[in-house]
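One file, query03.cif, carrying mmCIF, C-alpha atoms:
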data_protein
loop_
_atom_site.group_PDB
_atom_site.id
_atom_site.type_symbol
_atom_site.label_atom_id
_atom_site.label_comp_id
_atom_site.auth_asym_id
_atom_site.auth_seq_id
_atom_site.Cartn_x
_atom_site.Cartn_y
_atom_site.Cartn_z
ATOM 1 C CA MET N 151 -30.163 6.979 -2.194
ATOM 2 C CA GLN N 152 -28.656 8.309 1.028
ATOM 3 C CA ALA N 153 -31.840 7.578 3.012
ATOM 4 C CA SER N 154 -32.041 4.010 1.698
ATOM 5 C CA ALA N 155 -28.370 3.504 2.497
ATOM 6 C CA GLU N 156 -28.974 4.691 6.069
ATOM 7 C CA ARG N 157 -31.842 2.221 6.486
ATOM 8 C CA GLU N 158 -29.721 -0.621 5.149
ATOM 9 C CA PHE N 159 -26.829 0.384 7.361
ATOM 10 C CA LYS N 160 -28.957 0.215 10.526
ATOM 11 C CA GLY N 161 -29.948 -3.364 9.751
ATOM 12 C CA ALA N 162 -26.550 -4.518 8.505
ATOM 13 C CA ARG N 163 -24.635 -7.558 9.764
ATOM 14 C CA PRO N 164 -22.225 -7.328 12.747
ATOM 15 C CA ALA N 165 -18.879 -5.727 11.985
ATOM 16 C CA GLU N 166 -16.886 -8.930 12.623
ATOM 17 C CA GLU N 167 -18.973 -10.852 10.099
ATOM 18 C CA THR N 168 -18.671 -8.058 7.534
ATOM 19 C CA VAL N 169 -14.871 -7.963 7.895
ATOM 20 C CA ALA N 170 -14.463 -11.731 7.587
ATOM 21 C CA ARG N 171 -16.749 -11.910 4.557
ATOM 22 C CA VAL N 172 -14.823 -9.525 2.329
ATOM 23 C CA TYR N 173 -11.530 -11.394 2.782
ATOM 24 C CA THR N 174 -13.084 -14.802 2.039
ATOM 25 C CA PHE N 175 -13.738 -16.386 -1.371
ATOM 26 C CA ALA N 176 -17.445 -16.268 -2.227
ATOM 27 C CA ASP N 177 -19.493 -19.402 -2.806
ATOM 28 C CA LEU N 178 -19.634 -20.202 -6.537
ATOM 29 C CA SER N 179 -22.517 -22.678 -6.382
ATOM 30 C CA SER N 180 -24.879 -20.280 -8.204
ATOM 31 C CA TYR N 181 -22.631 -20.345 -11.305
ATOM 32 C CA PRO N 182 -22.769 -23.122 -13.948
ATOM 33 C CA LYS N 183 -19.942 -25.657 -13.760
ATOM 34 C CA LYS N 184 -18.126 -24.185 -16.778
ATOM 35 C CA GLU N 185 -18.199 -20.655 -15.328
ATOM 36 C CA ARG N 186 -16.957 -21.918 -11.955
ATOM 37 C CA LEU N 187 -13.958 -23.460 -13.713
ATOM 38 C CA LEU N 188 -13.278 -20.304 -15.741
ATOM 39 C CA ILE N 189 -13.482 -18.110 -12.634
ATOM 40 C CA ARG N 190 -10.911 -20.264 -10.856
ATOM 41 C CA LEU N 191 -8.594 -20.355 -13.870
ATOM 42 C CA ALA N 192 -8.789 -16.578 -14.434
ATOM 43 C CA ASP N 193 -8.239 -15.949 -10.739
ATOM 44 C CA VAL N 194 -4.993 -17.946 -10.631
ATOM 45 C CA ALA N 195 -3.773 -16.676 -14.018
ATOM 46 C CA PHE N 196 -4.112 -12.990 -13.068
ATOM 47 C CA PHE N 197 -2.611 -13.563 -9.635
ATOM 48 C CA VAL N 198 0.466 -15.295 -11.066
ATOM 49 C CA LEU N 199 0.892 -12.726 -13.869
ATOM 50 C CA ILE N 200 0.710 -9.722 -11.535
ATOM 51 C CA LYS N 201 2.967 -11.339 -8.959
ATOM 52 C CA LEU N 202 5.660 -12.362 -11.441
ATOM 53 C CA ILE N 203 5.780 -9.066 -13.363
ATOM 54 C CA GLY N 204 5.325 -6.928 -10.253
ATOM 55 C CA ALA N 205 8.373 -8.526 -8.629
ATOM 56 C CA THR N 206 10.579 -7.317 -11.504
ATOM 57 C CA ILE N 207 9.510 -3.643 -11.481
ATOM 58 C CA ARG N 208 12.053 -0.946 -10.540
ATOM 59 C CA TRP N 209 10.135 1.606 -8.479
ATOM 60 C CA ARG N 210 10.454 5.332 -7.931
ATOM 61 C CA VAL N 211 8.129 6.783 -5.274
ATOM 62 C CA GLU N 212 7.181 10.464 -5.022
ATOM 63 C CA GLY N 213 4.943 11.897 -2.293
ATOM 64 C CA TRP N 214 5.248 9.123 0.286
ATOM 65 C CA GLU N 215 4.959 11.805 2.970
ATOM 66 C CA ASN N 216 1.355 12.252 1.775
ATOM 67 C CA TRP N 217 0.665 8.579 2.487
ATOM 68 C CA GLU N 218 2.174 9.058 5.947
ATOM 69 C CA ALA N 219 -0.042 12.105 6.569
ATOM 70 C CA ALA N 220 -3.168 10.191 5.491
ATOM 71 C CA SER N 221 -2.253 7.238 7.745
ATOM 72 C CA ARG N 222 -1.309 9.199 10.873
ATOM 73 C CA ASP N 223 -3.195 9.126 14.196
ATOM 74 C CA GLY N 224 -5.213 6.037 13.400
ATOM 75 C CA ARG N 225 -6.578 7.295 10.078
ATOM 76 C CA VAL N 226 -7.132 4.875 7.194
ATOM 77 C CA PRO N 227 -6.905 6.223 3.633
ATOM 78 C CA ILE N 228 -9.368 5.940 0.789
ATOM 79 C CA TYR N 229 -6.925 5.030 -1.987
ATOM 80 C CA THR N 230 -8.131 6.590 -5.255
ATOM 81 C CA PHE N 231 -6.690 6.043 -8.728
ATOM 82 C CA TRP N 232 -7.537 5.421 -12.392
ATOM 83 C CA HIS N 233 -8.976 2.112 -13.556
ATOM 84 C CA ASN N 234 -6.243 1.414 -16.107
ATOM 85 C CA ARG N 235 -3.546 1.401 -13.395
ATOM 86 C CA VAL N 236 -5.038 -1.576 -11.520
ATOM 87 C CA PHE N 237 -2.226 -3.977 -12.457
ATOM 88 C CA LEU N 238 0.627 -2.219 -10.676
ATOM 89 C CA GLY N 239 -1.635 -0.619 -8.070
ATOM 90 C CA THR N 240 -2.684 -4.103 -6.967
ATOM 91 C CA TYR N 241 0.921 -5.211 -6.639
ATOM 92 C CA PHE N 242 2.384 -2.165 -4.895
ATOM 93 C CA PHE N 243 -0.304 -1.798 -2.212
ATOM 94 C CA ARG N 244 -0.743 -5.530 -1.542
ATOM 95 C CA LYS N 245 -1.124 -6.997 1.964
ATOM 96 C CA ARG N 246 -2.593 -3.824 3.485
ATOM 97 C CA GLY N 247 -6.159 -5.073 3.921
ATOM 98 C CA ILE N 248 -7.535 -2.482 1.475
ATOM 99 C CA VAL N 249 -11.179 -3.100 0.586
ATOM 100 C CA VAL N 250 -12.266 -2.469 -2.994
ATOM 101 C CA MET N 251 -15.647 -2.642 -4.675
ATOM 102 C CA THR N 252 -16.109 -5.468 -7.199
ATOM 103 C CA SER N 253 -19.160 -6.050 -9.371
ATOM 104 C CA GLN N 254 -21.672 -8.833 -8.738
ATOM 105 C CA SER N 255 -20.865 -10.622 -11.995
ATOM 106 C CA PHE N 256 -18.686 -13.291 -13.601
ATOM 107 C CA ASP N 257 -15.836 -10.798 -14.175
ATOM 108 C CA GLY N 258 -16.260 -9.331 -10.706
ATOM 109 C CA GLU N 259 -15.916 -12.743 -9.088
ATOM 110 C CA TYR N 260 -12.545 -13.701 -10.523
ATOM 111 C CA ILE N 261 -11.283 -10.155 -9.871
ATOM 112 C CA ALA N 262 -12.421 -10.451 -6.253
ATOM 113 C CA ARG N 263 -10.548 -13.733 -5.909
ATOM 114 C CA PHE N 264 -7.175 -12.672 -7.268
ATOM 115 C CA ILE N 265 -7.147 -9.420 -5.290
ATOM 116 C CA GLN N 266 -8.031 -11.388 -2.141
ATOM 117 C CA ARG N 267 -4.924 -13.485 -2.794
ATOM 118 C CA PHE N 268 -2.957 -10.228 -2.577
ATOM 119 C CA GLY N 269 -4.504 -9.400 0.804
ATOM 120 C CA TYR N 270 -7.356 -7.149 -0.351
ATOM 121 C CA GLY N 271 -10.997 -7.330 0.640
ATOM 122 C CA ALA N 272 -13.839 -7.346 -1.898
ATOM 123 C CA ALA N 273 -17.152 -5.572 -1.248
ATOM 124 C CA ARG N 274 -19.611 -6.858 -3.831
ATOM 125 C CA GLY N 275 -21.363 -4.155 -5.810
ATOM 126 C CA SER N 276 -20.586 -1.341 -8.249
ATOM 127 C CA SER N 277 -21.890 2.028 -9.337
ATOM 128 C CA THR N 278 -24.203 0.204 -11.752
ATOM 129 C CA ARG N 279 -25.212 -2.884 -9.794
ATOM 130 C CA GLY N 280 -25.609 -3.300 -6.040
ATOM 131 C CA GLY N 281 -23.760 -0.058 -5.364
ATOM 132 C CA THR N 282 -25.748 1.150 -2.354
ATOM 133 C CA GLY N 283 -25.175 -2.054 -0.424
ATOM 134 C CA ALA N 284 -21.475 -2.080 -1.226
ATOM 135 C CA ILE N 285 -21.003 1.539 -0.096
ATOM 136 C CA VAL N 286 -22.787 0.743 3.169
ATOM 137 C CA GLU N 287 -20.490 -2.232 3.652
ATOM 138 C CA MET N 288 -17.416 -0.116 2.946
ATOM 139 C CA VAL N 289 -18.526 2.448 5.532
ATOM 140 C CA ARG N 290 -18.768 -0.317 8.130
ATOM 141 C CA LEU N 291 -15.383 -1.719 7.143
ATOM 142 C CA MET N 292 -13.699 1.679 7.404
ATOM 143 C CA ARG N 293 -15.239 2.198 10.815
ATOM 144 C CA ALA N 294 -13.687 -1.159 11.735
ATOM 145 C CA GLY N 295 -10.276 0.205 10.694
ATOM 146 C CA ARG N 296 -10.005 -1.105 7.150
ATOM 147 C CA PRO N 297 -8.768 1.212 4.349
ATOM 148 C CA ALA N 298 -10.726 1.440 1.085
ATOM 149 C CA GLY N 299 -9.758 1.652 -2.575
ATOM 150 C CA PHE N 300 -11.554 3.166 -5.581
ATOM 151 C CA THR N 301 -10.823 2.975 -9.294
ATOM 152 C CA ILE N 302 -12.503 6.317 -9.487
ATOM 153 C CA ASP N 303 -13.385 6.377 -13.194
ATOM 154 C CA GLY N 304 -14.712 2.783 -13.202
ATOM 155 C CA PRO N 305 -16.350 0.507 -13.896
ATOM 156 C CA LYS N 306 -17.155 1.817 -17.398
ATOM 157 C CA GLY N 307 -15.754 5.334 -17.675
ATOM 158 C CA PRO N 308 -15.426 7.864 -19.105
ATOM 159 C CA ARG N 309 -11.673 7.399 -18.810
ATOM 160 C CA TYR N 310 -9.936 9.806 -16.414
ATOM 161 C CA VAL N 311 -13.176 11.365 -15.133
ATOM 162 C CA ALA N 312 -13.494 11.112 -11.346
ATOM 163 C CA LYS N 313 -16.844 9.972 -9.968
ATOM 164 C CA MET N 314 -18.343 10.800 -6.610
ATOM 165 C CA GLY N 315 -17.966 7.484 -4.726
ATOM 166 C CA ALA N 316 -14.772 8.243 -2.796
ATOM 167 C CA VAL N 317 -16.027 11.729 -1.870
ATOM 168 C CA LEU N 318 -19.250 10.321 -0.419
ATOM 169 C CA LEU N 319 -17.330 7.665 1.505
ATOM 170 C CA ALA N 320 -14.974 10.319 2.893
ATOM 171 C CA LYS N 321 -17.937 12.391 4.052
ATOM 172 C CA LYS N 322 -19.540 9.426 5.778
ATOM 173 C CA THR N 323 -16.393 8.156 7.503
ATOM 174 C CA GLY N 324 -14.269 11.267 8.055
ATOM 175 C CA GLN N 325 -11.299 9.475 6.495
ATOM 176 C CA PRO N 326 -8.978 11.124 3.942
ATOM 177 C CA ILE N 327 -9.011 10.501 0.203
ATOM 178 C CA LEU N 328 -5.513 9.630 -1.030
ATOM 179 C CA PRO N 329 -5.156 10.195 -4.807
ATOM 180 C CA PHE N 330 -2.293 8.439 -6.576
ATOM 181 C CA THR N 331 -1.176 7.146 -9.936
ATOM 182 C CA ILE N 332 1.430 4.677 -11.167
ATOM 183 C CA THR N 333 3.223 5.264 -14.470
ATOM 184 C CA PRO N 334 5.337 2.494 -16.052
ATOM 185 C CA THR N 335 7.813 3.545 -18.732
ATOM 186 C CA LYS N 336 7.039 0.546 -20.938
ATOM 187 C CA TYR N 337 3.709 -1.231 -21.062
ATOM 188 C CA TRP N 338 1.134 -2.875 -23.266
ATOM 189 C CA ALA N 339 -2.212 -1.031 -23.466
ATOM 190 C CA ALA N 340 -5.576 -2.536 -24.368
ATOM 191 C CA GLU N 341 -6.445 0.130 -26.929
ATOM 192 C CA LYS N 342 -9.911 -1.269 -27.645
ATOM 193 C CA SER N 343 -11.017 -1.209 -24.007
ATOM 194 C CA TRP N 344 -12.694 1.913 -22.604
ATOM 195 C CA ASP N 345 -9.849 2.555 -20.140
ATOM 196 C CA GLY N 346 -6.778 1.558 -22.178
ATOM 197 C CA PHE N 347 -5.833 -0.957 -19.476
ATOM 198 C CA GLN N 348 -2.054 -1.043 -18.896
ATOM 199 C CA VAL N 349 0.070 -4.159 -18.418
ATOM 200 C CA PRO N 350 3.718 -3.227 -17.722
ATOM 201 C CA TRP N 351 6.610 -4.965 -19.401
ATOM 202 C CA PRO N 352 8.766 -7.073 -17.072
ATOM 203 C CA PHE N 353 11.771 -5.252 -15.582
ATOM 204 C CA THR N 354 10.498 -1.818 -16.595
ATOM 205 C CA ARG N 355 10.676 1.257 -14.359
ATOM 206 C CA ALA N 356 7.526 2.619 -12.736
ATOM 207 C CA ARG N 357 6.818 5.808 -10.833
ATOM 208 C CA LEU N 358 4.288 6.053 -8.003
ATOM 209 C CA ASP N 359 3.015 9.623 -7.450
ATOM 210 C CA ILE N 360 0.907 10.297 -4.353
ATOM 211 C CA ALA N 361 -1.003 13.568 -3.963
ATOM 212 C CA PRO N 362 -1.807 15.265 -0.627
ATOM 213 C CA PRO N 363 -4.841 13.821 1.188
ATOM 214 C CA ILE N 364 -8.259 15.379 0.648
ATOM 215 C CA TYR N 365 -10.726 15.714 3.549
ATOM 216 C CA VAL N 366 -14.498 16.042 3.188
ATOM 217 C CA PRO N 367 -16.549 17.609 6.026
ATOM 218 C CA GLY N 368 -19.218 15.410 7.557
ATOM 219 C CA ASP N 369 -21.804 18.155 6.997
ATOM 220 C CA ALA N 370 -20.832 18.772 3.353
ATOM 221 C CA ASP N 371 -23.761 19.870 1.164
ATOM 222 C CA ASP N 372 -24.124 19.150 -2.550
ATOM 223 C CA GLU N 373 -22.109 22.216 -3.517
ATOM 224 C CA THR N 374 -19.231 21.224 -1.238
ATOM 225 C CA LEU N 375 -19.311 17.632 -2.478
ATOM 226 C CA THR N 376 -19.072 18.834 -6.067
ATOM 227 C CA ALA N 377 -16.140 21.080 -5.157
ATOM 228 C CA LYS N 378 -14.367 18.167 -3.464
ATOM 229 C CA ARG N 379 -14.918 15.938 -6.492
ATOM 230 C CA GLU N 380 -13.364 18.670 -8.645
ATOM 231 C CA GLU N 381 -10.441 18.922 -6.211
ATOM 232 C CA LEU N 382 -9.953 15.170 -6.528
ATOM 233 C CA GLN N 383 -10.087 15.431 -10.325
ATOM 234 C CA ARG N 384 -7.380 18.124 -10.306
ATOM 235 C CA ALA N 385 -5.164 16.114 -7.969
ATOM 236 C CA LEU N 386 -5.368 13.021 -10.153
ATOM 237 C CA ASP N 387 -4.778 15.058 -13.307
ATOM 238 C CA GLU N 388 -1.674 16.625 -11.756
ATOM 239 C CA VAL N 389 -0.079 13.345 -10.628
ATOM 240 C CA ASN N 390 -0.952 11.811 -13.984
ATOM 241 C CA GLN N 391 0.814 14.667 -15.789
ATOM 242 C CA ARG N 392 3.909 14.358 -13.580
ATOM 243 C CA GLY N 393 4.066 10.655 -14.266
ATOM 244 C CA ASN N 394 3.662 11.111 -18.010
ATOM 245 C CA GLU N 395 6.384 13.781 -18.146
ATOM 246 C CA TRP N 396 8.744 11.497 -16.243
ATOM 247 C CA GLY N 397 7.924 8.506 -18.439
ATOM 248 C CA HIS N 398 8.728 10.399 -21.620
#
Show how you would write the structure in this file as structure tokens.
Amino acid sequence: MQASAEREFKGARPAEETVARVYTFADLSSYPKKERLLIRLADVAFFVLIKLIGATIRWRVEGWENWEAASRDGRVPIYTFWHNRVFLGTYFFRKRGIVVMTSQSFDGEYIARFIQRFGYGAARGSSTRGGTGAIVEMVRLMRAGRPAGFTIDGPKGPRYVAKMGAVLLAKKTGQPILPFTITPTKYWAAEKSWDGFQVPWPFTRARLDIAPPIYVPGDADDETLTAKREELQRALDEVNQRGNEWGH
């Protein structure tokens, strides 16, 4: 996979075109008329819902000095968190130009659109479809100064099990991984979904916990990469536990 990614990277589009593309709505002409309408409706509905509820949240932030450390001296973080915290994560870190990976699918398209409305970029692809191309694009975007974001147990789980994507991106770019979680005190959870997706109640309190940044050497071998993934897992588990103890 790494060799194919290198070949694709060498022939990739100019950086300016790559940057502009991820912040622009994709062409929907390949979708049937009904799906185009549903994508647009879902896009606006999620944007309005997140914006309205997010504006009512009472925040407590722990570990902001870790964000400052990961952003110092021209560095751009690789924001890393659990899939079921997307709702408040999208709101809190809006308008920072963070690029996230979205799937090349109907669901991925409306997700890409509403996060773009919040100032995010969308690199099309996932760990199950088009992933190599999307990782290559994210490497280019980080080299152009854009931060990245990973729902590290997505897109299909298992829940709360960190995958390798952010570690590989950190190795390739030299940028720090920044693990965090957001814990609302009151929320609705989609119990039948694989991740238990959380939608906070309006006017609830929420705690943002940010762990220290994690760096991955550019010459990391498989053993080192595995160790770094385990370090990331521990960091996310720890901030998750702190948030849960606070929430209860």
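Each of N:Tyr229, N:Glu287, N:Gly224, N:Phe243 was checked against Ala170 in chain N using all atoms listed in the file; the smallest atom-to-atom distance is that of N:Glu287.
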* Write out as a PyMOL selection string which residues come within 8 Å of range 315-325 of chain N when counting all atoms listed in the file, dropping same-chain ones fewer than 5 positions away. => chain N and resi 225-228+230+285+288-289+292-293+300+302+365-370+375+378-379
* To do: Would you list the contacts of Arg357 in chain N as a list in words, taking every protein, DNA or RNA residue within 10 Å and counting only C-alpha atoms, but skipping same-chain residues closer than 5 positions in sequence?
  => Ile207, Arg208, Trp209, Arg210, Val211, Glu212, Thr331, Ile332, Thr333, Pro334, Thr335, Arg392, Gly393, Asn394, Trp396 and Gly397 of chain N
* Using only C-alpha atoms, pick whichever of N:Ile248, N:Arg171, N:Ala262, N:Pro308 has the shortest atom-to-atom distance to Arg190 in chain N. => N:Ala262
* Evaluate the PyMOL selection byres ((chain N and resi 199-205) around 12) and record the selected residues as a PyMOL selection string, following the chain and residue labels used in the document. => chain N and resi 192-198+206-209+236-244+264-265+267-268+334+337+348-356
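Applied to this file, the PyMOL selection byres ((chain N and resi 307) around 12) selects Trp232, His233, Asn234, Ser277, Thr278, Thr301, Ile302, Asp303, Gly304, Pro305, Lys306, Pro308, Arg309, Tyr310, Val311, Ala312, Lys313, Ser343, Trp344, Asp345, Gly346 and Phe347 of chain N.
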With C-alpha atoms retained, could you export that selection as a PDB file, keeping the file's coordinate frame?
ATOM      1  CA  TRP N 232      -7.537   5.421 -12.392  1.00  0.00           C
ATOM      2  CA  HIS N 233      -8.976   2.112 -13.556  1.00  0.00           C
ATOM      3  CA  ASN N 234      -6.243   1.414 -16.107  1.00  0.00           C
ATOM      4  CA  SER N 277     -21.890   2.028  -9.337  1.00  0.00           C
ATOM      5  CA  THR N 278     -24.203   0.204 -11.752  1.00  0.00           C
ATOM      6  CA  THR N 301     -10.823   2.975  -9.294  1.00  0.00           C
ATOM      7  CA  ILE N 302     -12.503   6.317  -9.487  1.00  0.00           C
ATOM      8  CA  ASP N 303     -13.385   6.377 -13.194  1.00  0.00           C
ATOM      9  CA  GLY N 304     -14.712   2.783 -13.202  1.00  0.00           C
ATOM     10  CA  PRO N 305     -16.350   0.507 -13.896  1.00  0.00           C
ATOM     11  CA  LYS N 306     -17.155   1.817 -17.398  1.00  0.00           C
ATOM     12  CA  PRO N 308     -15.426   7.864 -19.105  1.00  0.00           C
ATOM     13  CA  ARG N 309     -11.673   7.399 -18.810  1.00  0.00           C
ATOM     14  CA  TYR N 310      -9.936   9.806 -16.414  1.00  0.00           C
ATOM     15  CA  VAL N 311     -13.176  11.365 -15.133  1.00  0.00           C
ATOM     16  CA  ALA N 312     -13.494  11.112 -11.346  1.00  0.00           C
ATOM     17  CA  LYS N 313     -16.844   9.972  -9.968  1.00  0.00           C
ATOM     18  CA  SER N 343     -11.017  -1.209 -24.007  1.00  0.00           C
ATOM     19  CA  TRP N 344     -12.694   1.913 -22.604  1.00  0.00           C
ATOM     20  CA  ASP N 345      -9.849   2.555 -20.140  1.00  0.00           C
ATOM     21  CA  GLY N 346      -6.778   1.558 -22.178  1.00  0.00           C
ATOM     22  CA  PHE N 347      -5.833  -0.957 -19.476  1.00  0.00           C
TER      23      PHE N 347
END
* **Spatial neighbours of Trp214 in chain N, 12 Å, all atoms listed in the file, chain gap at least 6 places, as a VMD selection string** => chain N and resid 220 to 221 328 to 330 357 to 363
Same residues, C-alpha atoms, saved as a PDB file, keeping the file's coordinate frame:
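To be explicit, this is the file written out as result.pdb:
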ATOM      1  CA  ALA N 220      -3.168  10.191   5.491  1.00  0.00           C
ATOM      2  CA  SER N 221      -2.253   7.238   7.745  1.00  0.00           C
ATOM      3  CA  LEU N 328      -5.513   9.630  -1.030  1.00  0.00           C
ATOM      4  CA  PRO N 329      -5.156  10.195  -4.807  1.00  0.00           C
ATOM      5  CA  PHE N 330      -2.293   8.439  -6.576  1.00  0.00           C
ATOM      6  CA  ARG N 357       6.818   5.808 -10.833  1.00  0.00           C
ATOM      7  CA  LEU N 358       4.288   6.053  -8.003  1.00  0.00           C
ATOM      8  CA  ASP N 359       3.015   9.623  -7.450  1.00  0.00           C
ATOM      9  CA  ILE N 360       0.907  10.297  -4.353  1.00  0.00           C
ATOM     10  CA  ALA N 361      -1.003  13.568  -3.963  1.00  0.00           C
ATOM     11  CA  PRO N 362      -1.807  15.265  -0.627  1.00  0.00           C
ATOM     12  CA  PRO N 363      -4.841  13.821   1.188  1.00  0.00           C
TER      13      PRO N 363
END
* **Expansion of the PyMOL selection byres ((chain N and resi 247) around 9) into residues, as a PyMOL selection string** => chain N and resi 173+244-246+248-249+266+268-271+296-298
For range 171-245 of chain N of the structure just presented, write C-alpha atoms to a file, as a compact mmCIF listing (two decimals), in the first residue's frame.
# COMPACT_ATOMS: atom_id res chain seq x y z
CA ARG N 171 -10.95 21.12 -4.05
CA VAL N 172 -11.45 19.92 -0.49
CA TYR N 173 -13.18 23.14 0.60
CA THR N 174 -15.56 23.16 -2.39
CA PHE N 175 -18.86 21.28 -2.76
CA ALA N 176 -18.47 18.31 -5.10
CA ASP N 177 -20.43 17.99 -8.32
CA LEU N 178 -23.57 15.90 -7.74
CA SER N 179 -24.37 15.22 -11.40
CA SER N 180 -23.50 11.51 -11.06
CA TYR N 181 -26.31 11.04 -8.50
CA PRO N 182 -29.98 10.50 -9.48
CA LYS N 183 -32.22 13.54 -9.05
CA LYS N 184 -33.85 12.17 -5.88
CA GLU N 185 -30.48 11.50 -4.22
CA ARG N 186 -29.22 14.97 -5.16
CA LEU N 187 -32.23 16.47 -3.39
CA LEU N 188 -31.77 14.26 -0.32
CA ILE N 189 -28.07 15.12 -0.09
CA ARG N 190 -28.86 18.84 -0.12
CA LEU N 191 -31.64 18.47 2.45
CA ALA N 192 -29.52 16.35 4.81
CA ASP N 193 -26.61 18.75 4.43
CA VAL N 194 -28.66 21.78 5.51
CA ALA N 195 -30.54 19.89 8.24
CA PHE N 196 -27.35 18.66 9.97
CA PHE N 197 -25.66 22.03 9.62
CA VAL N 198 -28.59 23.87 11.23
CA LEU N 199 -29.00 21.26 14.00
CA ILE N 200 -25.32 21.30 14.98
CA LYS N 201 -25.11 25.08 14.81
CA LEU N 202 -28.22 25.70 16.90
CA ILE N 203 -27.45 23.14 19.62
CA GLY N 204 -23.72 23.87 19.63
CA ALA N 205 -24.38 27.55 20.34
CA THR N 206 -26.18 26.64 23.58
CA ILE N 207 -23.48 24.36 25.07
CA ARG N 208 -21.67 25.41 28.27
CA TRP N 209 -18.05 24.36 27.80
CA ARG N 210 -15.30 23.29 30.15
CA VAL N 211 -11.87 22.83 28.53
CA GLU N 212 -9.04 20.77 30.03
CA GLY N 213 -5.60 20.42 28.43
CA TRP N 214 -5.66 23.44 26.14
CA GLU N 215 -1.92 23.78 26.73
CA ASN N 216 -1.57 20.51 24.78
CA TRP N 217 -3.31 22.11 21.80
CA GLU N 218 -0.91 25.05 22.09
CA ALA N 219 2.09 22.68 22.17
CA ALA N 220 0.84 20.83 19.07
CA SER N 221 0.28 24.12 17.21
CA ARG N 222 3.56 25.84 18.11
CA ASP N 223 6.34 26.74 15.66
CA GLY N 224 4.25 26.29 12.55
CA ARG N 225 3.06 22.77 13.38
CA VAL N 226 -0.45 21.66 12.40
CA PRO N 227 -2.15 18.98 14.51
CA ILE N 228 -3.75 15.73 13.45
CA TYR N 229 -6.93 15.95 15.53
CA THR N 230 -7.93 12.44 16.65
CA PHE N 231 -11.12 11.43 18.45
CA TRP N 232 -13.92 8.85 18.61
CA HIS N 233 -16.57 8.64 15.90
CA ASN N 234 -19.52 9.10 18.24
CA ARG N 235 -18.27 12.55 19.33
CA VAL N 236 -18.52 14.06 15.83
CA PHE N 237 -21.47 16.33 16.68
CA LEU N 238 -19.76 18.52 19.27
CA GLY N 239 -16.29 18.00 17.80
CA THR N 240 -17.53 19.54 14.55
CA TYR N 241 -18.92 22.55 16.37
CA PHE N 242 -16.05 23.26 18.75
CA PHE N 243 -13.23 23.06 16.19
CA ARG N 244 -15.09 24.82 13.36
CA LYS N 245 -13.47 27.42 11.08
